[in-house]
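Engineer: Pasting coords_34.txt below, which is compact mmCIF, C-alpha atoms and all ligand atoms.
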```txt
# COMPACT_ATOMS: atom_id res chain seq x y z
CA MET A 1 29.86 91.69 195.98
CA ASN A 2 31.74 92.84 192.90
CA VAL A 3 30.80 96.40 191.90
CA PRO A 4 32.73 97.73 188.89
CA LEU A 5 33.16 101.46 188.38
CA LEU A 6 31.59 101.04 184.94
CA ASP A 7 30.44 98.06 182.90
CA LEU A 8 29.78 99.01 179.27
CA LYS A 9 28.86 95.43 178.34
CA LEU A 10 25.57 95.69 180.23
CA GLN A 11 24.39 98.64 178.15
CA TYR A 12 25.52 96.92 174.96
CA GLN A 13 23.30 93.91 175.69
CA THR A 14 20.25 96.21 175.65
CA ILE A 15 20.94 97.66 172.17
CA LYS A 16 22.85 94.82 170.51
CA LYS A 17 19.92 93.68 168.36
CA GLU A 18 19.71 97.11 166.73
CA VAL A 19 23.41 97.82 166.52
CA GLU A 20 24.69 94.64 164.88
CA PRO A 21 22.60 94.76 161.66
CA LYS A 22 23.28 98.50 161.34
CA LEU A 23 27.04 98.03 161.50
CA LEU A 24 26.84 95.25 158.90
CA GLU A 25 24.74 97.49 156.66
CA ILE A 26 27.40 100.20 156.80
CA ALA A 27 30.11 97.61 156.13
CA GLU A 28 28.24 96.46 153.01
CA SER A 29 27.69 100.05 151.84
CA GLN A 30 31.36 101.03 152.36
CA MET A 31 30.16 104.62 152.96
CA LEU A 32 32.36 104.99 155.99
CA ILE A 33 32.99 108.67 156.66
CA LEU A 34 30.39 111.41 157.32
CA GLY A 35 27.24 110.71 155.24
CA LYS A 36 23.62 110.34 156.29
CA GLU A 37 24.18 108.79 159.73
CA VAL A 38 26.34 111.77 160.70
CA ALA A 39 23.79 114.22 159.25
CA GLN A 40 21.00 112.55 161.25
CA LEU A 41 23.03 112.75 164.47
CA GLU A 42 23.81 116.43 163.82
CA LYS A 43 20.13 117.22 163.29
CA ASP A 44 19.00 115.47 166.48
CA LEU A 45 21.78 116.82 168.66
CA ALA A 46 21.46 120.42 167.46
CA GLU A 47 17.89 120.28 168.72
CA TYR A 48 18.69 118.37 171.93
CA CYS A 49 21.46 120.83 172.80
CA GLY A 50 19.38 123.93 172.08
CA ALA A 51 21.55 125.00 169.14
CA SER A 52 20.99 125.75 165.46
CA TYR A 53 24.10 124.06 164.06
CA ALA A 54 25.85 120.85 165.05
CA VAL A 55 28.98 119.46 163.42
CA GLY A 56 30.12 115.91 164.17
CA VAL A 57 33.86 115.67 164.81
CA SER A 58 36.50 113.09 165.65
CA SER A 59 36.64 113.45 169.46
CA GLY A 60 35.80 115.72 172.36
CA THR A 61 39.36 116.99 172.33
CA ASP A 62 39.06 117.84 168.64
CA ALA A 63 35.70 119.53 169.36
CA LEU A 64 37.54 121.92 171.71
CA LEU A 65 40.45 122.31 169.30
CA ILE A 66 38.29 123.11 166.26
CA ALA A 67 36.33 125.64 168.35
CA LEU A 68 39.54 127.51 169.23
CA MET A 69 40.75 127.32 165.60
CA VAL A 70 37.50 128.65 164.16
CA LEU A 71 37.44 131.52 166.68
CA GLU A 72 41.04 132.25 165.60
CA ILE A 73 42.50 132.02 169.08
CA LYS A 74 46.27 132.08 168.72
CA ALA A 75 49.65 132.97 170.18
CA GLY A 76 49.44 136.04 172.40
CA ASP A 77 45.83 135.34 173.41
CA GLU A 78 44.81 134.20 176.88
CA VAL A 79 42.09 131.66 177.59
CA ILE A 80 40.67 131.26 181.12
CA LEU A 81 39.79 127.74 182.29
CA PRO A 82 39.56 125.73 185.52
CA THR A 83 42.79 124.16 186.77
CA TYR A 84 40.75 121.15 187.94
CA SER A 85 39.45 119.32 184.84
CA PHE A 86 40.40 116.64 182.34
CA PHE A 87 43.65 117.46 180.52
CA ALA A 88 42.06 118.13 177.12
CA THR A 89 40.53 121.40 178.36
CA ALA A 90 43.99 122.90 178.82
CA GLY A 91 45.91 120.93 176.20
CA VAL A 92 43.97 122.39 173.27
CA VAL A 93 44.70 125.97 174.37
CA ALA A 94 48.43 125.28 174.38
CA ARG A 95 48.16 123.48 171.01
CA VAL A 96 46.85 126.61 169.24
CA GLY A 97 49.73 128.56 170.79
CA ALA A 98 47.57 130.55 173.21
CA THR A 99 48.21 130.87 176.95
CA PRO A 100 46.03 128.85 179.32
CA VAL A 101 45.13 130.93 182.40
CA PHE A 102 44.08 128.65 185.24
CA VAL A 103 41.54 129.54 187.91
CA ASP A 104 40.26 127.85 191.05
CA SER A 105 37.03 125.90 191.50
CA ASP A 106 33.85 126.30 193.51
CA PRO A 107 34.00 124.06 196.61
CA VAL A 108 30.33 123.00 196.40
CA THR A 109 29.99 122.10 192.73
CA PHE A 110 33.68 121.53 191.84
CA ASN A 111 33.04 123.75 188.78
CA ILE A 112 34.94 126.87 187.69
CA ASP A 113 34.59 129.74 190.18
CA PRO A 114 33.05 132.74 188.33
CA LYS A 115 34.66 135.22 190.76
CA ALA A 116 38.07 133.75 190.00
CA VAL A 117 37.33 134.07 186.28
CA LYS A 118 36.61 137.75 186.67
CA ALA A 119 39.80 138.29 188.63
CA ALA A 120 41.86 136.55 185.92
CA VAL A 121 40.76 138.71 183.00
CA THR A 122 43.44 140.84 181.30
CA ASP A 123 43.44 142.81 178.05
CA LYS A 124 44.80 139.69 176.34
CA THR A 125 41.86 137.48 177.38
CA LYS A 126 39.95 136.17 174.36
CA ALA A 127 37.86 133.31 175.72
CA ILE A 128 36.63 131.46 178.79
CA ILE A 129 36.23 127.67 178.85
CA PRO A 130 33.81 126.64 181.61
CA VAL A 131 33.72 122.86 182.07
CA HIS A 132 30.46 121.25 183.14
CA LEU A 133 32.35 118.86 185.34
CA TYR A 134 30.99 115.38 186.13
CA GLY A 135 27.68 116.25 184.42
CA GLN A 136 26.70 119.37 186.32
CA CYS A 137 26.38 122.76 184.67
CA ALA A 138 28.91 125.41 185.67
CA ASP A 139 27.48 128.66 187.04
CA MET A 140 26.99 130.19 183.59
CA LYS A 141 25.13 133.45 184.25
CA PRO A 142 28.01 135.43 185.77
CA ILE A 143 30.38 133.95 183.18
CA CYS A 144 28.16 134.83 180.19
CA ASP A 145 27.46 138.31 181.63
CA LEU A 146 31.17 138.97 181.99
CA ALA A 147 31.87 137.63 178.49
CA GLU A 148 29.22 139.86 177.00
CA GLU A 149 30.48 142.93 178.84
CA LEU A 150 34.08 142.34 177.73
CA ASN A 151 33.34 140.83 174.31
CA LEU A 152 34.90 137.44 175.08
CA TYR A 153 34.05 134.06 173.61
CA VAL A 154 32.65 131.33 175.84
CA ILE A 155 33.58 127.80 174.77
CA GLU A 156 31.60 125.32 176.83
CA ASP A 157 33.37 122.03 177.58
CA CYS A 158 30.28 119.81 177.68
CA ALA A 159 32.27 116.57 177.27
CA GLN A 160 30.82 115.12 180.48
CA ALA A 161 27.48 116.87 180.36
CA ILE A 162 25.37 116.19 177.27
CA GLY A 163 21.72 116.88 178.18
CA CYS A 164 22.58 118.58 181.45
CA GLN A 165 20.79 121.86 182.16
CA TYR A 166 21.53 125.08 184.02
CA SER A 167 19.20 126.22 186.79
CA ASP A 168 17.13 128.24 184.28
CA GLY A 169 16.57 125.15 182.13
CA SER A 170 19.09 126.06 179.40
CA PRO A 171 20.87 123.01 177.99
CA VAL A 172 24.65 123.11 178.30
CA GLY A 173 26.26 124.13 175.03
CA SER A 174 23.47 126.60 174.25
CA MET A 175 24.71 129.44 176.46
CA GLY A 176 28.21 130.06 175.13
CA THR A 177 29.60 130.75 171.66
CA ILE A 178 30.33 127.08 170.93
CA GLY A 179 29.47 123.93 172.89
CA CYS A 180 31.88 120.97 172.68
CA TYR A 181 30.85 117.37 173.40
CA SER A 182 32.63 114.02 173.54
CA PHE A 183 31.34 110.56 172.60
CA TYR A 184 34.19 108.75 174.33
CA PRO A 185 32.72 105.41 175.45
CA THR A 186 32.58 106.35 179.15
CA LYS A 187 30.50 109.51 178.60
CA ASN A 188 26.71 109.34 179.04
CA LEU A 189 26.33 109.12 175.24
CA GLY A 190 29.31 107.01 174.16
CA ALA A 191 30.32 105.71 170.73
CA PHE A 192 32.24 102.53 169.90
CA GLY A 193 35.44 104.52 169.72
CA ASP A 194 36.28 108.21 169.55
CA GLY A 195 33.85 110.90 168.46
CA GLY A 196 32.54 114.32 169.38
CA ILE A 197 30.33 117.17 168.24
CA VAL A 198 30.35 120.97 168.31
CA VAL A 199 27.21 123.08 168.43
CA THR A 200 26.47 126.78 168.01
CA LYS A 201 23.59 129.16 167.43
CA ASP A 202 25.71 131.42 165.19
CA LYS A 203 25.28 130.86 161.44
CA ALA A 204 28.72 132.12 160.38
CA ILE A 205 30.47 130.07 163.08
CA GLY A 206 28.35 127.00 162.27
CA GLU A 207 29.29 127.16 158.59
CA LYS A 208 32.95 127.72 159.41
CA LEU A 209 32.98 124.72 161.77
CA MET A 210 31.52 122.58 158.98
CA ARG A 211 34.38 123.55 156.65
CA ALA A 212 37.06 123.43 159.34
CA ARG A 213 36.46 119.76 160.09
CA ASN A 214 37.44 118.96 156.50
CA HIS A 215 40.63 121.02 156.14
CA GLY A 216 38.73 124.31 155.67
CA MET A 217 37.88 123.06 152.19
CA GLU A 218 35.11 124.76 150.14
CA PRO A 219 34.62 124.23 147.25
CA LYS A 220 36.54 121.00 146.75
CA TYR A 221 40.33 121.53 146.89
CA TYR A 222 40.03 125.25 147.67
CA HIS A 223 41.04 126.42 151.14
CA ASP A 224 40.56 129.96 152.48
CA PHE A 225 41.77 128.93 155.93
CA VAL A 226 43.54 125.96 157.49
CA GLY A 227 41.29 123.39 159.17
CA GLY A 228 42.05 119.74 159.81
CA ASN A 229 40.76 116.22 159.49
CA PHE A 230 38.19 116.31 162.27
CA ARG A 231 35.64 114.06 160.52
CA LEU A 232 33.31 111.64 162.29
CA ASP A 233 32.91 108.06 161.03
CA ALA A 234 29.56 106.73 159.83
CA MET A 235 29.76 103.68 162.14
CA GLN A 236 30.22 105.87 165.21
CA ALA A 237 27.30 108.08 164.20
CA ALA A 238 25.11 105.01 163.52
CA VAL A 239 25.78 103.65 167.02
CA LEU A 240 25.06 107.06 168.53
CA ASN A 241 21.79 107.36 166.57
CA ILE A 242 20.68 104.04 168.06
CA LYS A 243 21.70 105.07 171.58
CA PHE A 244 20.34 108.63 171.47
CA PRO A 245 16.62 107.79 172.04
CA HIS A 246 17.63 106.01 175.30
CA LEU A 247 19.75 108.87 176.61
CA ASN A 248 17.22 110.59 178.86
CA ASP A 249 16.30 107.24 180.48
CA TRP A 250 19.96 106.52 181.10
CA HIS A 251 20.42 109.99 182.63
CA GLN A 252 17.42 109.34 184.89
CA ALA A 253 18.79 105.98 186.02
CA ARG A 254 22.06 107.69 187.03
CA ARG A 255 20.09 110.41 188.85
CA ASP A 256 18.11 107.75 190.71
CA ASN A 257 21.36 106.03 191.68
CA ALA A 258 22.70 109.34 192.98
CA ASP A 259 19.50 109.87 194.98
CA LEU A 260 19.89 106.45 196.56
CA TYR A 261 23.47 107.21 197.61
CA THR A 262 22.30 110.54 199.07
CA LYS A 263 19.52 108.90 201.04
CA LEU A 264 21.77 106.18 202.43
CA PHE A 265 24.55 108.55 203.49
CA ILE A 266 22.29 111.27 204.91
CA ASP A 267 20.05 108.80 206.80
CA ALA A 268 23.15 107.27 208.37
CA GLY A 269 24.37 110.70 209.48
CA LEU A 270 27.64 110.09 207.69
CA ALA A 271 27.64 112.87 205.13
CA THR A 272 26.86 116.46 204.34
CA GLN A 273 26.04 118.20 201.07
CA GLU A 274 27.32 121.57 202.23
CA GLY A 275 30.47 123.12 200.85
CA VAL A 276 32.71 122.34 203.79
CA LEU A 277 36.35 121.70 203.11
CA GLU A 278 37.21 120.38 206.55
CA PHE A 279 35.74 117.19 208.02
CA ASP A 280 34.71 116.37 211.59
CA ASN A 281 33.45 113.32 213.49
CA ASN A 282 29.97 113.53 212.02
CA ASN A 283 30.97 114.41 208.50
CA LYS A 284 33.44 112.15 206.83
CA VAL A 285 31.88 112.41 203.40
CA ARG A 286 30.59 115.30 201.33
CA LEU A 287 28.16 114.37 198.58
CA PRO A 288 27.55 116.18 195.28
CA LYS A 289 24.91 118.85 195.49
CA ALA A 290 23.18 120.03 192.34
CA VAL A 291 22.49 123.50 193.64
CA TYR A 292 24.11 126.89 193.37
CA LYS A 293 24.44 128.76 196.64
CA GLU A 294 23.22 132.15 195.46
CA SER A 295 20.31 131.07 193.31
CA GLY A 296 19.17 128.10 195.37
CA HIS A 297 18.03 126.66 192.05
CA LYS A 298 18.54 123.06 191.10
CA ASN A 299 20.52 122.06 188.08
CA TYR A 300 19.70 119.03 185.99
CA HIS A 301 22.78 116.99 186.86
CA ILE A 302 23.41 113.97 184.62
CA TYR A 303 26.05 112.35 186.85
CA ASN A 304 28.59 111.32 184.26
CA GLN A 305 30.62 110.76 187.40
CA TYR A 306 29.52 110.58 191.01
CA VAL A 307 32.40 112.25 192.81
CA ILE A 308 32.43 112.60 196.57
CA HIS A 309 34.81 114.52 198.82
CA VAL A 310 36.08 112.34 201.66
CA GLU A 311 38.40 112.25 204.62
CA ASN A 312 41.34 109.85 204.25
CA ARG A 313 40.73 109.31 200.52
CA ASP A 314 43.62 107.05 199.61
CA ASN A 315 42.95 104.56 202.40
CA LEU A 316 39.24 104.54 201.56
CA ARG A 317 40.13 103.75 197.96
CA LYS A 318 42.25 100.83 199.09
CA HIS A 319 39.44 99.58 201.34
CA LEU A 320 37.01 99.72 198.39
CA ALA A 321 39.44 97.84 196.16
CA ASP A 322 39.95 95.19 198.88
CA ASN A 323 36.17 94.71 198.79
CA SER A 324 36.00 94.43 194.96
CA ILE A 325 34.47 97.88 194.51
CA GLY A 326 35.70 99.99 191.62
CA SER A 327 36.56 103.66 192.08
CA GLU A 328 38.69 106.25 190.31
CA ILE A 329 40.51 109.47 191.10
CA TYR A 330 39.52 112.34 188.81
CA TYR A 331 41.92 114.28 188.51
CA PRO A 332 44.84 113.83 190.88
CA VAL A 333 47.06 116.55 189.37
CA PRO A 334 45.55 119.97 188.56
CA PHE A 335 46.94 121.79 185.52
CA HIS A 336 48.99 124.27 187.56
CA LYS A 337 51.05 121.30 188.82
CA GLN A 338 51.53 119.55 185.45
CA GLY A 339 55.08 119.41 184.14
CA CYS A 340 54.04 120.54 180.66
CA PHE A 341 52.71 123.81 182.11
CA ALA A 342 55.71 124.58 184.33
CA TYR A 343 56.67 127.31 181.80
CA LEU A 344 53.62 129.30 182.96
CA ASN A 345 55.22 129.78 186.41
CA ASN A 346 51.92 129.55 188.22
CA ASP A 347 51.78 130.33 191.92
CA GLU A 348 51.51 126.85 193.48
CA SER A 349 49.40 128.14 196.36
CA ALA A 350 46.87 130.07 194.26
CA PHE A 351 44.37 127.24 193.80
CA PRO A 352 43.53 125.88 197.27
CA VAL A 353 40.12 124.42 196.39
CA ALA A 354 41.40 122.58 193.31
CA ASP A 355 44.36 121.21 195.30
CA LYS A 356 42.02 119.91 197.96
CA LEU A 357 39.62 118.33 195.47
CA ALA A 358 42.51 116.67 193.64
CA ALA A 359 43.76 115.18 196.91
CA GLU A 360 40.47 114.27 198.57
CA THR A 361 37.80 113.30 196.02
CA ILE A 362 36.89 109.87 194.70
CA ALA A 363 34.46 108.69 192.00
CA LEU A 364 32.06 105.86 192.88
CA PRO A 365 30.11 103.55 190.52
CA ILE A 366 27.05 105.40 189.12
CA PHE A 367 26.34 103.85 185.68
CA ALA A 368 22.72 103.39 184.64
CA GLU A 369 22.59 99.58 184.89
CA LEU A 370 23.87 99.50 188.50
CA GLU A 371 21.55 97.53 190.84
CA SER A 372 20.32 99.06 194.09
CA ASP A 373 21.90 96.28 196.16
CA GLN A 374 25.23 97.14 194.54
CA ILE A 375 24.79 100.77 195.62
CA LYS A 376 23.93 99.60 199.14
CA CYS A 377 27.06 97.47 199.12
CA VAL A 378 29.20 100.49 198.16
CA PHE A 379 27.57 102.52 200.92
CA ASP A 380 27.98 99.75 203.54
CA THR A 381 31.63 99.34 202.64
CA ILE A 382 32.26 103.07 203.06
CA ALA A 383 30.26 103.21 206.31
CA GLU A 384 32.31 100.31 207.65
CA PHE A 385 35.54 102.14 206.78
CA TYR A 386 34.61 105.23 208.77
CA LYS A 387 33.27 103.28 211.77
CA LYS A 388 36.68 101.79 212.56
C1 LIG B 1 36.40 113.38 177.95
C2 LIG B 1 36.71 114.82 178.09
C3 LIG B 1 37.28 115.59 177.06
C4 LIG B 1 37.87 114.98 175.81
O1 LIG B 1 37.05 114.15 175.08
P1 LIG B 1 37.70 112.98 174.19
O2 LIG B 1 36.53 112.54 173.36
O3 LIG B 1 38.21 111.95 175.10
O4 LIG B 1 38.75 113.60 173.35
C5 LIG B 1 37.42 116.95 177.23
N1 LIG B 1 37.04 117.54 178.37
C6 LIG B 1 36.51 116.85 179.40
C7 LIG B 1 36.10 117.59 180.63
C8 LIG B 1 36.34 115.46 179.30
O5 LIG B 1 35.84 114.78 180.32
```
Take the structure in the file and give it back as C-alpha cells.
Ligand SMILES: *Cc1c(COP(=O)(O)O)cnc(C)c1O

Structural biologist:
Amino acid sequence: MNVPLLDLKLQYQTIKKEVEPKLLEIAESQMLILGKEVAQLEKDLAEYCGASYAVGVSSGTDALLIALMVLEIKAGDEVILPTYSFFATAGVVARVGATPVFVDSDPVTFNIDPKAVKAAVTDKTKAIIPVHLYGQCADMKPICDLAEELNLYVIEDCAQAIGCQYSDGSPVGSMGTIGCYSFYPTKNLGAFGDGGIVVTKDKAIGEKLMRARNHGMEPKYYHDFVGGNFRLDAMQAAVLNIKFPHLNDWHQARRDNADLYTKLFIDAGLATQEGVLEFDNNNKVRLPKAVYKESGHKNYHIYNQYVIHVENRDNLRKHLADNSIGSEIYYPVPFHKQGCFAYLNNDESAFPVADKLAAETIALPIFAELESDQIKCVFDTIAEFYKK
C-alpha cells in the first residue's frame, strides 16, 4: 500500500468548490495585497490565538524576523533558542546581528529544556525563543517566569503549532511577548504559497508590528523606523479564511491518527512513551507523549508532525521507502553543528539530547485525510522491521 508522508491534494478536493470562485473574484478585483481578506484573517486569528492584535505577514520566517526587529534586538544582544528546530528559528537571530545561544532539548517532548534556558542566561540575554515543536507546546511556565524575573522578551515560534494549547489551556502565542505563525502549505493551516502571522496582547507592540510590515511607514511616505516588505497577499488570506473554519476538525483527525498509532504500538508491546534515550529488546520505538513530567498535565498536541524516536533509524527509513511509505527526518543537523554557526565555537558535546534526536527520530504520515488502514500498514511495516 502506498502511504505518502503528506498529500495536500486530498484536502484541496474538500474545499475546492469554495476556493476556486474566491480566487477568481480576487483576480477580477485586482486588489491583491492586504485588504479585507487579510483584515478578516487577522480578526479571526487574534481571537483563536488568544491575542488582541494579529498582523498578517509574508512567511513564518518573516514573522520571527519582524518580531525581533520590532523588539529592537540587535548586535551585542543574545537570544536563547533550542538547537533542535527548523533553521528559521536561528537564522532570523543571526540576520538581525544578534547572537543565537543554543540550548538542549527535553528528551520526552523534544521541546526546549527550561533548565538549560536558565543556565544559558547572561547579562546580554534579551529574548528567549521557545519553539512549539511538531505541534506540542513547550513547557512555558518556567520560561515565562524566568523571562518576567529577568525582564526578557519571549518570542514564541508557533510555526508548527497553531491552535495548540499548554497544559493550562493557554493557546500558544498568547503566553509570550509575540507569537509567530507560518502558513507554509505543510503546516496545519497552510496557504497556497508563503504566508505567516504575528500576534500580541500588547497595544504598542501590535501597532508597531502593523507599521513594520510596510517599511515602518506611517503616515504615507514617513518612516520613524526601518521595517520591511512583510505584507501578506489577498489570495493567500482568502484561502486561509476558507480553510480556517475546518482547522479544529483537521487537528482532531491528526490527533485520532496519533491515538491509533499509539494503540497499535503499545498493544503490540513494541513501544514506550517514556523519556528513555536507550532502547532494549522490548522497546524499539518511543512514541510522542503529550505530557510534561512535573505537571502530569496533558497538552493539546496538534501533531503537525508525528515524530518517533527509534532504534536503527536509517535502516528503518529505507525499509519504509522500500514498502512505499513516506517518512522524513526532521532535523538531521542541529544548529550547533551547522557550518554557518561555526563562528559561535559551540561545544560539540554540550547538546546530547538534541544530537540523539537528530540521529534517531523519524516523522511518519499523520495528515488528516489518512485512512486507518494506511496507519495500520505503516505500523505493520515497522513491526515487521523490528521482528527480523
Ligand atoms: C515552518 C517553520 C518556520 C518558518 O516558516 P516559513 O513560513 O516556512 O518561513 C519557522 N519555524 C519553524 C519551527 C517552522 O517549522

Engineer: Residues within 7 Å of ligand LIG 1 (chain B) (all atoms listed in the file), as a VMD selection string?

Structural biologist: chain A and resid 59 to 62 85 to 89 131 133 157 to 160 182 to 184 194 to 196

Engineer: With distances taken over all atoms listed in the file, which residue among A:Thr83, A:Thr125, A:Gln374, A:Ser349 lies nearest Asp106 in chain A?

Structural biologist: A:Thr83

Engineer: Check the smallest atom-to-atom distance from each of A:Ile362, A:Ala350, A:Asp314, A:Asp145 to Glu328 in chain A using all atoms listed in the file, then report the winner.

Structural biologist: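 Once distances to Glu328 in chain A are computed over all atoms listed in the file, the minimum belongs to A:Ile362.
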
Engineer: Can you work out the spacing between CA of Gly206 in chain A and CA of Thr122 in chain A in Å, to one decimal?

Structural biologist: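 CA of Gly206 in chain A sits 28.0 Å away from CA of Thr122 in chain A.
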
Engineer: List the neighbours of Ile15 in chain A out to 10 Å using all atoms listed in the file; skip same-chain residues closer than 6 positions along the sequence, and give me the result as a list in words.

Structural biologist: Val239, Ile242, Lys243 and His246 of chain A

Engineer: Of the candidates A:Ile266, A:Cys137, A:Thr381, A:Leu65, which shows the shortest atom-to-atom distance to Ser324 in chain A, using only C-alpha atoms?

Structural biologist: A:Thr381

Engineer: What is the CA of Ile80 in chain A-CA of Val121 in chain A distance in Å, reported with one decimal?

Structural biologist: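 Going from CA of Ile80 in chain A over to CA of Val121 in chain A covers 7.7 Å.
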